[in-house]
Amino acid sequence: MPSMTTSKVSRWDQHGREHVVHVQKSGMQRMLTCDTCGWRKGAQFLPWLKAEEHLAEAHQATVDPSA
């Protein structure tokens, strides 16, 4: 059984609220889960880009805290 690893994509909205999408990796498949709204999506390719797109479109969260 492949091991499960988790990372996250964080962005802030214009009101200063943090929104996080967790990226869980198991083998080649990744599962994206949004802490804010519960959105879930499977992604084999470019999961972090899909997470960023969800945060921007669903929550208007575009400010990268690491930048």
# chains A, B, ... in the order shown; residues from 1 in each chain; ligands from 1

call {"tool": "select_by_dssp", "arguments": {"residues": "chain A", "states": "strand (DSSP E or B)", "output": "NGL selection string"}}
result
:A and (4-12 or 18-26 or 29-34 or 40-43 or 63)

call {"tool": "select_by_dssp", "arguments": {"residues": "region 25-59 of chain A", "states": "alpha helix (DSSP H)", "output": "VMD selection string"}}
result
chain A and resid 47 to 59

call {"tool": "closest_residue", "arguments": {"among": "A:Lys8, A:Gln14, A:Thr36, A:Met28", "to": "Ala58 (chain A)", "atoms": "only C-alpha atoms"}}
result
A:Thr36

call {"tool": "residues_around", "arguments": {"residues": "Asp13 (chain A)", "least_positions_apart": "2", "cutoff": "6 Å", "atoms": "only C-alpha atoms", "output": "VMD selection string"}}
result
chain A and resid 15 to 17 60 to 61

call {"tool": "closest_residue", "arguments": {"among": "A:His19, A:Arg11, A:Lys25, A:His59", "to": "Gln44 (chain A)", "atoms": "only C-alpha atoms"}}
result
A:Lys25

call {"tool": "residues_around", "arguments": {"residues": "Trp39 (chain A)", "least_positions_apart": "4", "cutoff": "12 Å", "atoms": "only C-alpha atoms", "output": "list in words"}}
result
His19, Val20, Val21, His22, Val23, Met31, Leu32, Thr33, Cys34, Asp35, Lys50, Ala51, His54, Leu55, Ala58 and His59 of chain A

call {"tool": "atom_distance", "arguments": {"atom1": "CA of Gln24 (chain A)", "atom2": "CA of Trp12 (chain A)"}}
result
20.8 Å

call {"tool": "atom_distance", "arguments": {"atom1": "CA of Asp64 (chain A)", "atom2": "CA of Glu52 (chain A)"}}
result
9.6 Å

call {"tool": "atom_distance", "arguments": {"atom1": "CA of Trp48 (chain A)", "atom2": "CA of Ser10 (chain A)"}}
result
10.2 Å
